[in-house]
Amino acid sequence: MSSPRVRRQVRVLGRLAVVPDDHLPAAARRAIAYLAVKGPVAQRSLMSMELWPTVLDERARANLRRAIWQTPPGWLTATSWEVTLEADVDLAEARQVADLALDCRPLDASQIDLLTRDLLPGWYEEWLEDERDTFHLARLQGLEAVCRTATGLRQFGLATRAGLAAVTAEPLRQSAVLALVRAHLEEGNSYEALRRVEHYRDLLRTELGVDPAPEVVGLVADVAHPSSTG
């Protein structure tokens, strides 16, 4: 009886992982990473030029041929014109999740987790820069949307999980702080809401020399200065 076939997967969020063949030559790993981010289909000429921008075109094309040859069978489909990645990619799923979040669809914890990691941090490749910035913004907007939607549904565990992930990724981002503070307040955690605003105020003053917008401070005005009754 044959063993079950392992589905090929490429993970580029947080770090590069190639399942089940994670121990591949560097050139093969870079080619797979490129296709996971830019593909799944790419023109050979553009792919070789972007992966090896500092060498002559002929050498870059030879490097790509070597990378394809070093990749185990089944991962890539290559023609004289283009290369196709044959695998599931976590980035593609994360992009879909971000779109669902912006459409105010409820998400579960595993979907939220896909939006908590950036694209190949620590990689310094020119072809990756715009893709990384684009996904970073998409995941922040998605996390904020999840926080707001889950707050409205009174799913406060998911709301604060998403809000904290957004604030951790961009501590000075006002919209992320607003979403998280509102989630705390709706849950009845006035102390956590006030603590988050005070932390945000300290960061702004330290990093930018400014105070939070009135919209942020106003959320916890009653908590910070409760009215007295007589």
# chains A, B, ... in the order shown; residues from 1 in each chain; ligands from 1
call {"tool": "residues_around", "arguments": {"residues": "A:Val89", "least_positions_apart": "5", "cutoff": "6 Å", "atoms": "only C-alpha atoms", "output": "VMD selection string"}}
result
chain A and resid 9 to 11
call {"tool": "select_by_dssp", "arguments": {"residues": "stretch 42-195 of chain A", "states": "helix (DSSP H, G or I)", "output": "JSON, numbers by chain"}}
result
{"A": [44, 45, 46, 47, 48, 49, 50, 51, 57, 58, 59, 60, 61, 62, 63, 64, 65, 66, 67, 68, 69, 70, 90, 91, 92, 93, 94, 95, 96, 97, 98, 99, 100, 101, 102, 109, 110, 111, 112, 113, 126, 127, 128, 129, 130, 131, 132, 133, 134, 135, 136, 137, 138, 139, 140, 141, 142, 143, 144, 145, 146, 147, 148, 149, 150, 151, 152, 156, 157, 158, 159, 160, 161, 162, 163, 164, 165, 166, 167, 168, 169, 174, 175, 176, 177, 178, 179, 180, 181, 182, 183, 184, 185, 186, 187, 190, 191, 192, 193, 194, 195]}
call {"tool": "write_last_selection", "arguments": {"atoms": "C-alpha atoms", "output": "short mmCIF file (atom, residue, chain, number, x, y, z; two decimals), in the first residue's frame"}}
result
data_model
loop_
_atom_site.label_atom_id
_atom_site.label_comp_id
_atom_site.auth_asym_id
_atom_site.auth_seq_id
_atom_site.Cartn_x
_atom_site.Cartn_y
_atom_site.Cartn_z
CA ARG A 44 11.72 33.22 -17.09
CA SER A 45 13.47 36.34 -18.37
CA LEU A 46 11.97 38.61 -15.70
CA MET A 47 12.46 36.03 -12.96
CA SER A 48 16.16 35.53 -13.73
CA MET A 49 16.75 39.27 -14.01
CA GLU A 50 15.07 40.05 -10.66
CA LEU A 51 16.62 37.16 -8.76
CA ASP A 57 21.66 38.26 -18.46
CA GLU A 58 23.29 35.09 -19.74
CA ARG A 59 24.64 34.27 -16.29
CA ALA A 60 21.30 35.05 -14.65
CA ARG A 61 19.51 32.69 -17.06
CA ALA A 62 22.05 29.98 -16.30
CA ASN A 63 21.48 30.49 -12.56
CA LEU A 64 17.74 30.06 -13.07
CA ARG A 65 18.24 26.87 -15.07
CA ARG A 66 20.40 25.51 -12.24
CA ALA A 67 17.78 26.47 -9.65
CA ILE A 68 15.06 24.67 -11.61
CA TRP A 69 17.27 21.61 -12.04
CA GLN A 70 18.03 21.54 -8.28
CA ASP A 90 0.25 30.82 2.82
CA LEU A 91 0.60 34.32 1.36
CA ALA A 92 -2.18 33.67 -1.15
CA GLU A 93 -4.45 32.51 1.66
CA ALA A 94 -3.51 35.49 3.82
CA ARG A 95 -4.36 37.91 1.02
CA GLN A 96 -7.79 36.29 0.71
CA VAL A 97 -8.28 36.54 4.48
CA ALA A 98 -7.39 40.25 4.43
CA ASP A 99 -9.99 40.81 1.70
CA LEU A 100 -12.61 38.93 3.74
CA ALA A 101 -11.78 41.05 6.77
CA LEU A 102 -12.18 44.28 4.83
CA ALA A 109 -8.42 32.50 15.19
CA SER A 110 -6.50 30.52 12.56
CA GLN A 111 -7.40 33.05 9.88
CA ILE A 112 -6.39 35.95 12.13
CA ASP A 113 -3.06 34.23 12.75
CA GLU A 126 14.83 44.42 -4.36
CA TRP A 127 12.06 42.33 -5.95
CA LEU A 128 10.52 41.80 -2.52
CA GLU A 129 10.33 45.38 -1.23
CA ASP A 130 7.07 46.52 -2.83
CA GLU A 131 5.39 43.17 -2.20
CA ARG A 132 6.38 43.29 1.47
CA ASP A 133 5.12 46.87 1.92
CA THR A 134 1.85 46.08 0.15
CA PHE A 135 1.16 43.01 2.28
CA HIS A 136 2.18 44.77 5.49
CA LEU A 137 -0.44 47.45 4.88
CA ALA A 138 -3.05 44.90 3.82
CA ARG A 139 -2.57 42.83 6.95
CA LEU A 140 -2.76 45.89 9.20
CA GLN A 141 -5.98 47.03 7.58
CA GLY A 142 -7.31 43.49 7.80
CA LEU A 143 -6.46 43.15 11.49
CA GLU A 144 -8.15 46.46 12.29
CA ALA A 145 -11.23 45.39 10.35
CA VAL A 146 -11.32 42.07 12.21
CA CYS A 147 -11.07 43.94 15.51
CA ARG A 148 -14.01 46.18 14.64
CA THR A 149 -16.17 43.37 13.25
CA ALA A 150 -15.50 41.04 16.17
CA THR A 151 -16.20 43.86 18.63
CA GLY A 152 -19.56 44.43 16.98
CA PHE A 156 -13.93 40.11 22.40
CA GLY A 157 -11.26 37.43 22.48
CA LEU A 158 -10.89 37.59 18.71
CA ALA A 159 -11.26 41.38 18.71
CA THR A 160 -8.45 42.01 21.18
CA ARG A 161 -6.26 39.35 19.55
CA ALA A 162 -6.51 41.11 16.20
CA GLY A 163 -6.20 44.58 17.71
CA LEU A 164 -3.10 43.68 19.69
CA ALA A 165 -1.51 42.16 16.58
CA ALA A 166 -2.13 45.38 14.66
CA VAL A 167 -0.73 47.58 17.44
CA THR A 168 2.30 45.32 17.86
CA ALA A 169 3.05 45.59 14.15
CA GLN A 174 -3.77 55.61 15.38
CA SER A 175 -6.47 53.55 13.67
CA ALA A 176 -5.10 50.36 15.24
CA VAL A 177 -5.06 51.92 18.71
CA LEU A 178 -8.61 53.21 18.27
CA ALA A 179 -9.89 49.77 17.26
CA LEU A 180 -8.22 48.05 20.21
CA VAL A 181 -9.28 50.65 22.79
CA ARG A 182 -12.90 50.45 21.62
CA ALA A 183 -12.78 46.66 21.92
CA HIS A 184 -11.54 46.96 25.51
CA LEU A 185 -14.25 49.47 26.36
CA GLU A 186 -17.03 47.40 24.83
CA GLU A 187 -15.82 44.40 26.82
CA SER A 190 -11.79 50.29 31.22
CA TYR A 191 -8.40 49.82 32.84
CA GLU A 192 -6.95 48.10 29.77
CA ALA A 193 -8.38 50.81 27.55
CA LEU A 194 -6.85 53.59 29.66
CA ARG A 195 -3.51 51.78 29.89
#
call {"tool": "residues_around", "arguments": {"residues": "A:Pro72", "least_positions_apart": "4", "cutoff": "10 Å", "atoms": "only C-alpha atoms", "output": "number ranges by chain"}}
result
A: 21, 24, 28, 68, 76
call {"tool": "write_last_selection", "arguments": {"atoms": "C-alpha atoms", "output": "tab-separated table (two decimals), in the first residue's frame"}}
result
chain	number	residue	atom	x	y	z
A	21	ASP	CA	11.46	19.46	1.04
A	24	LEU	CA	16.99	22.58	-0.62
A	28	ALA	CA	16.14	26.47	-5.50
A	68	ILE	CA	15.06	24.67	-11.61
A	76	LEU	CA	7.88	23.53	-10.70
call {"tool": "select_by_dssp", "arguments": {"residues": "stretch 44-194 of chain A", "states": "strand (DSSP E or B)", "output": "ChimeraX atom specification"}}
result
/A:76-78,82-85,88-89,119
call {"tool": "write_last_selection", "arguments": {"atoms": "N, CA and C atoms", "output": "PDB file, in the first residue's frame"}}
result
ATOM      1  N   LEU A  76       7.916  22.516  -9.650  1.00  0.00           N
ATOM      2  CA  LEU A  76       7.885  23.534 -10.697  1.00  0.00           C
ATOM      3  C   LEU A  76       7.512  22.908 -12.040  1.00  0.00           C
ATOM      4  N   THR A  77       6.773  23.671 -12.824  1.00  0.00           N
ATOM      5  CA  THR A  77       6.555  23.346 -14.219  1.00  0.00           C
ATOM      6  C   THR A  77       7.220  24.434 -15.043  1.00  0.00           C
ATOM      7  N   ALA A  78       8.204  24.055 -15.846  1.00  0.00           N
ATOM      8  CA  ALA A  78       8.996  25.038 -16.578  1.00  0.00           C
ATOM      9  C   ALA A  78       8.889  24.804 -18.071  1.00  0.00           C
ATOM     10  N   GLU A  82       8.103  30.354 -19.390  1.00  0.00           N
ATOM     11  CA  GLU A  82       7.684  30.686 -18.038  1.00  0.00           C
ATOM     12  C   GLU A  82       7.906  29.528 -17.075  1.00  0.00           C
ATOM     13  N   VAL A  83       7.786  29.872 -15.772  1.00  0.00           N
ATOM     14  CA  VAL A  83       7.930  28.885 -14.699  1.00  0.00           C
ATOM     15  C   VAL A  83       6.698  29.008 -13.797  1.00  0.00           C
ATOM     16  N   THR A  84       6.157  27.855 -13.416  1.00  0.00           N
ATOM     17  CA  THR A  84       4.959  27.827 -12.575  1.00  0.00           C
ATOM     18  C   THR A  84       5.244  27.051 -11.302  1.00  0.00           C
ATOM     19  N   LEU A  85       4.834  27.596 -10.164  1.00  0.00           N
ATOM     20  CA  LEU A  85       4.958  26.910  -8.871  1.00  0.00           C
ATOM     21  C   LEU A  85       3.727  26.048  -8.644  1.00  0.00           C
ATOM     22  N   ASP A  88       0.686  24.966  -2.566  1.00  0.00           N
ATOM     23  CA  ASP A  88      -0.147  25.903  -1.811  1.00  0.00           C
ATOM     24  C   ASP A  88       0.761  26.909  -1.116  1.00  0.00           C
ATOM     25  N   VAL A  89       0.350  28.165  -1.085  1.00  0.00           N
ATOM     26  CA  VAL A  89       1.173  29.235  -0.525  1.00  0.00           C
ATOM     27  C   VAL A  89       0.378  29.974   0.543  1.00  0.00           C
ATOM     28  N   LEU A 119       5.935  39.477   5.578  1.00  0.00           N
ATOM     29  CA  LEU A 119       6.425  38.680   4.445  1.00  0.00           C
ATOM     30  C   LEU A 119       7.950  38.631   4.445  1.00  0.00           C
TER      31      LEU A 119
END
call {"tool": "closest_residue", "arguments": {"among": "A:His23, A:Thr79, A:Arg196, A:Thr71", "to": "A:Ala42", "atoms": "only C-alpha atoms"}}
result
A:Thr79
call {"tool": "residues_around", "arguments": {"residues": "A:Leu16", "least_positions_apart": "4", "cutoff": "10 Å", "atoms": "only C-alpha atoms", "output": "NGL selection string"}}
result
:A and (10-12 or 22 or 29-30 or 32-33 or 36 or 119-121 or 123)
call {"tool": "closest_residue", "arguments": {"among": "A:Glu125, A:Ala26, A:Trp81, A:Leu107", "to": "A:Trp52", "atoms": "only C-alpha atoms"}}
result
A:Glu125
call {"tool": "atom_distance", "arguments": {"atom1": "atom CA of A:Thr206", "atom2": "atom CA of A:Ala221"}}
result
21.8 Å
call {"tool": "atom_distance", "arguments": {"atom1": "atom CA of A:Pro20", "atom2": "atom CA of A:Glu86"}}
result
12.9 Å
call {"tool": "atom_distance", "arguments": {"atom1": "atom CA of A:Leu115", "atom2": "atom CA of A:Glu215"}}
result
26.4 Å
